[in-house]
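To start, the structure under review is shown below, and the notes come after it.
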Amino acid sequence: MSTFQDLGLNDNLLQAITDLGFTKPSEVQEKAIPILLESETDLVALAQTGTGKTAAFGFPMLEKIDIDSRTTQGLILSPTRELCLQITNEMKLYGKYCKGLNVVAVYGGSSITDQARDIKRGAQIIVATPGRMKDMIKRRLVDISKIQYSVLDEADEMLNMGFKEDITDILSHTPDDKNTWLFSATMPREVATIAKKFMNNPQEITVGNKNESTSQVSHEYYLVNARDRYQALKRLSDANPDIFSVVFCRTKRDTQKVAENLIEDGYNAGALHGDLSQNQRDMVMKSFRNKQIQMLVATDVAARGIDVDDITHVINYQLPDEPEIYTHRSGRTGRAGKTGISMVIVSKSEVRKIKSIERIIKKQFEKKEIPDGADICEVQLMSLANKIHNTEINHEIDKHLTSINELFADTEKDELIKKFFSVEFTRFYNYYNKSKNLNIAEGSYDRDGGREGGRDFSRGGKNDSTRYFINVGGKDGFDWMKLKDFLKEQLGLGRDDVFKVETKESFSFFNTENEVKEKVLAHFTDFKYEGRFVNVEVSENRGGGRRSDRSGGGRRDGGNRRNDRRGGGRRDDRKGASGSRSDRRRSDGDSKPPRRSDSNDLGSSRPRRSRR
Ligand code: ADP
Ligand code: MG
């Protein structure tokens, strides 16, 4: 293992490296730096995000340019404004002892004339996004005709983002005899084409396998019904109290919605997507960097710029359209030598996509279960206990201690602890007490014939509820909610004991657990309601393949009973339900089903705030 001295860097750089606390070169640095220092060559370097590519091209560039000259000699192209600023900052840090060095960032969304002025003062190095750079060239605000070194950083991402023409255009204004150094995490065909077109006999280095994802990242997937996606997301977050994550959605709209819902549900979340103004995006990124935001919900394009090192989890709320993009997503975690987890929430129809991703990343996914309510409560409780244990005492409290002690004079330590924990814990407990199991078995029979949202099986996959036919319906003034209330009242059952209530015009269906079957049938024998006989029979229709019938039987398992809040939530039964947000997003314990919100999978409920 070599040191930075061995690589042949000058004292100014070595001093800066010491200041930065870098003790030894990373693999890509170890491989690239000597090549770039020793020869005038083109280079293709393949290395994952977080492997230290900036320094791999940054140190050699700083070493090679003439700082006494004010001519622009180095041009670094990078896909986003955020990356552009990040590279600029890094370059300034690396070159802090190089007197007279001027590195200028050129990117959209900020004054072009200010940037032009900074360049005029003599910028040896320009770090630019392709769009703005092209603009500047067109307006003759910059001269890159004397460039000696050009870097295409995150080349695969730049091409993904459609910058190919811009890059071609920009490079056509640079001298033919310059050196081009291309850095990329993956090597799709487009990158190879670019390399061939613009580069001269490039040397090639690879860190890890081509297209392989970062080794410190483990990959997990969770199989749920599509409509439970949002619930699953919340549970994954609740089961990881110290989560610091990027949540990827496919569209801007879903990104915004998921973020809004999380915020409303009491999570520290924020949205990052292209419909936000630059100012809004800056604010979100700032909050994310100082961890005020724990869950950053982002589109792929917007997340390109995320350069935060200690992201613990990447959550794929939806899988990307192209499996290659998964590499970029998961590369947001496990950076700078840390470990990370990339989680994918999939519905049954998407499971096969996991296989194609595995082929690309050359790693196996582990199938995991969405934690149940009891697991989450335990995690939350222990996390709280640890937090309290590690809390530094604030002695401002001392002066109030007498009164507090008086109040608790008769309280035993055990009781005090229990009470104290209950303040926080009860919220979680109440929320998850009656939560259902969100996991579905991979090979289970899918009543929807392959459509999203097959039947929801409990862990054992057993069907232990009974479905009944009842000869009252819409024309008798029942909608599903009224019928459910009626049945509960008649049978003396609890909120979750009657489920999958489905009303038709002159008859209806509902379910109960098997164990109350006799009671139900007995109650409705010779039963009269408002002067007419009401007849209940066990139905052959076991709950059908209708969307509304997807919640399984309300079996009790360890206090974690699935509830039926969607039971009977049929489209035609929803006429009466209000369409307001708050109504749609009822708590888990509420008996009204949330409205299905258009095409997205956002379900109900607020876990963190106390409800009702
Ligand atoms: P990449 O461009 O490959 O995604 P970066 O250049 O952004 O990676 O580096 C990722 C992080 O690792 C940055 O915070 C950087 O300061 C740090 N880093 C880079 N090289 C080293 C090193 N040799 N030792 C320790 N940390 C390093
Ligand atoms: Mg980089």
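By convention here, the chains of the structure tokens are called A, B, ... in the order presented, each chain's residues are numbered starting at 1, and ligands are numbered starting at 1 in the order presented.
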
Residues of chain A that have any atom at most 7 Å from an atom of ligand 1: could you tabulate them with the shortest-distance atom pair and the distance in Å to one decimal, using only C-alpha atoms and all ligand atoms, ordered by chain and increasing number, as a Markdown table?
```
| residue | atom | partner | partner_atom_place_in_ligand_line | distance |
| --- | --- | --- | --- | --- |
| A:Gly21 | CA | ligand 1 | 25 (C) | 6.8 |
| A:Phe22 | CA | ligand 1 | 24 (N) | 3.9 |
| A:Thr23 | CA | ligand 1 | 24 (N) | 5.8 |
| A:Lys24 | CA | ligand 1 | 23 (N) | 5.1 |
| A:Pro25 | CA | ligand 1 | 23 (N) | 3.9 |
| A:Ser26 | CA | ligand 1 | 23 (N) | 4.6 |
| A:Ala47 | CA | ligand 1 | 3 (O) | 6.6 |
| A:Gln48 | CA | ligand 1 | 3 (O) | 5.9 |
| A:Thr49 | CA | ligand 1 | 4 (O) | 3.5 |
| A:Gly50 | CA | ligand 1 | 4 (O) | 3.5 |
| A:Thr51 | CA | ligand 1 | 3 (O) | 3.9 |
| A:Gly52 | CA | ligand 1 | 6 (O) | 3.4 |
| A:Lys53 | CA | ligand 1 | 3 (O) | 3.8 |
| A:Thr54 | CA | ligand 1 | 6 (O) | 3.7 |
| A:Ala55 | CA | ligand 1 | 6 (O) | 5.7 |
| A:Asp307 | CA | ligand 1 | 7 (O) | 6.7 |
| A:Asp309 | CA | ligand 1 | 14 (O) | 6.3 |
| A:Arg335 | CA | ligand 1 | 10 (C) | 6.4 |
| A:Ala336 | CA | ligand 1 | 12 (O) | 4.5 |
```

What's around Arg132 of chain A at 7 Å? Count only C-alpha atoms, leave out sequence neighbours fewer than 6 positions away in its own chain, and write the answer as a ChimeraX atom specification. /A:106-108

Which of these, A:Ile306, A:Ile137, A:Ala226, A:Ala105, has the shortest distance to ligand 2 once you count only C-alpha atoms and all ligand atoms?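 Closest candidate: A:Ile306.
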
Name the residues of segment 472-529 of chain A that come out as strand (DSSP E) in a backbone DSSP run; write them as a PyMOL selection string. chain A and resi 499-503+508-513+527-529

List the neighbours of Ser184 of chain A out to 7 Å using only C-alpha atoms; skip same-chain residues closer than 5 positions along the sequence, and give me the result as a PyMOL selection string. chain A and resi 45-47+153-156

Selection above as a file: N, CA and C atoms, as a PDB file, in the first residue's frame:
```pdb
ATOM      1  N   ALA A  45     -11.322   5.797 -16.358  1.00  0.00           N
ATOM      2  CA  ALA A  45     -11.273   5.200 -15.027  1.00  0.00           C
ATOM      3  C   ALA A  45     -12.677   4.836 -14.586  1.00  0.00           C
ATOM      4  N   LEU A  46     -12.845   3.575 -14.266  1.00  0.00           N
ATOM      5  CA  LEU A  46     -14.150   3.112 -13.798  1.00  0.00           C
ATOM      6  C   LEU A  46     -14.089   2.866 -12.307  1.00  0.00           C
ATOM      7  N   ALA A  47     -14.865   3.593 -11.581  1.00  0.00           N
ATOM      8  CA  ALA A  47     -14.882   3.404 -10.127  1.00  0.00           C
ATOM      9  C   ALA A  47     -16.211   3.899  -9.590  1.00  0.00           C
ATOM     10  N   ASP A 153     -16.394  13.942 -15.639  1.00  0.00           N
ATOM     11  CA  ASP A 153     -16.658  13.257 -14.377  1.00  0.00           C
ATOM     12  C   ASP A 153     -18.070  12.693 -14.408  1.00  0.00           C
ATOM     13  N   GLU A 154     -18.254  11.536 -13.822  1.00  0.00           N
ATOM     14  CA  GLU A 154     -19.560  10.877 -13.833  1.00  0.00           C
ATOM     15  C   GLU A 154     -20.103  10.847 -15.260  1.00  0.00           C
ATOM     16  N   ALA A 155     -19.256  10.358 -16.166  1.00  0.00           N
ATOM     17  CA  ALA A 155     -19.606  10.379 -17.578  1.00  0.00           C
ATOM     18  C   ALA A 155     -20.912   9.644 -17.857  1.00  0.00           C
ATOM     19  N   ASP A 156     -21.107   8.510 -17.193  1.00  0.00           N
ATOM     20  CA  ASP A 156     -22.344   7.768 -17.447  1.00  0.00           C
ATOM     21  C   ASP A 156     -23.567   8.593 -17.067  1.00  0.00           C
TER      22      ASP A 156
END
```

Which residue is closest to ligand 2? Choose from A:Ile33, A:Leu43, A:Ile76, A:Met295 and count only C-alpha atoms and all ligand atoms.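 Between A:Ile33, A:Leu43, A:Ile76, A:Met295, the residue approaching ligand 2 most closely is A:Ile76.
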
Would you compute the distance between atom CA of Lys367 of chain A and atom CA of Glu350 of chain A? Give it in Å to one decimal.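 Computed distance, atom CA of Lys367 of chain A to atom CA of Glu350 of chain A, equals 13.5 Å.
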
Which one is closest to Met61 of chain A: A:Thr88, A:Val151, A:Pro79, A:Val498? Count only C-alpha atoms.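 Closest residue, counting only C-alpha atoms: A:Val151.
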
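When only C-alpha atoms and all ligand atoms are used to measure the gap to ligand 2, the shortest distance among A:Phe59, A:Phe183, A:Tyr97, A:Phe244 belongs to A:Phe183.
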
Shell of 9 Å around Ile470 of chain A, only C-alpha atoms, local chain residues under 5 positions omitted, as a list in words: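 The contact residues come out as Phe507, Ser508, Phe509, Phe510, Val534, Asn535, Val536, Glu537, Val538 and Ser539 of chain A.
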
Per DSSP on the backbone, what are the helix (DSSP H, G or I) residues of segment 95-334 of chain A, as number ranges by chain? A: 112-120, 130-138, 155-160, 164-171, 189-198, 226-238, 252-264, 278-289, 300-303, 323-330

Residue among A:Ser347, A:Thr411, A:Thr80, A:Gln256 lying closest to ligand 2, counting only C-alpha atoms and all ligand atoms: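 Checking each of A:Ser347, A:Thr411, A:Thr80, A:Gln256 against ligand 2, counting only C-alpha atoms and all ligand atoms, the winner is A:Thr80.
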
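The residue that comes closest to Ser218 of chain A, out of A:Leu272, A:Met343, A:Leu152, A:Ala303 and on the basis of only C-alpha atoms, is A:Met343.
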
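With atom CA of Tyr267 of chain A on one side and atom CA of Glu378 of chain A on the other, the separation reads 18.9 Å.
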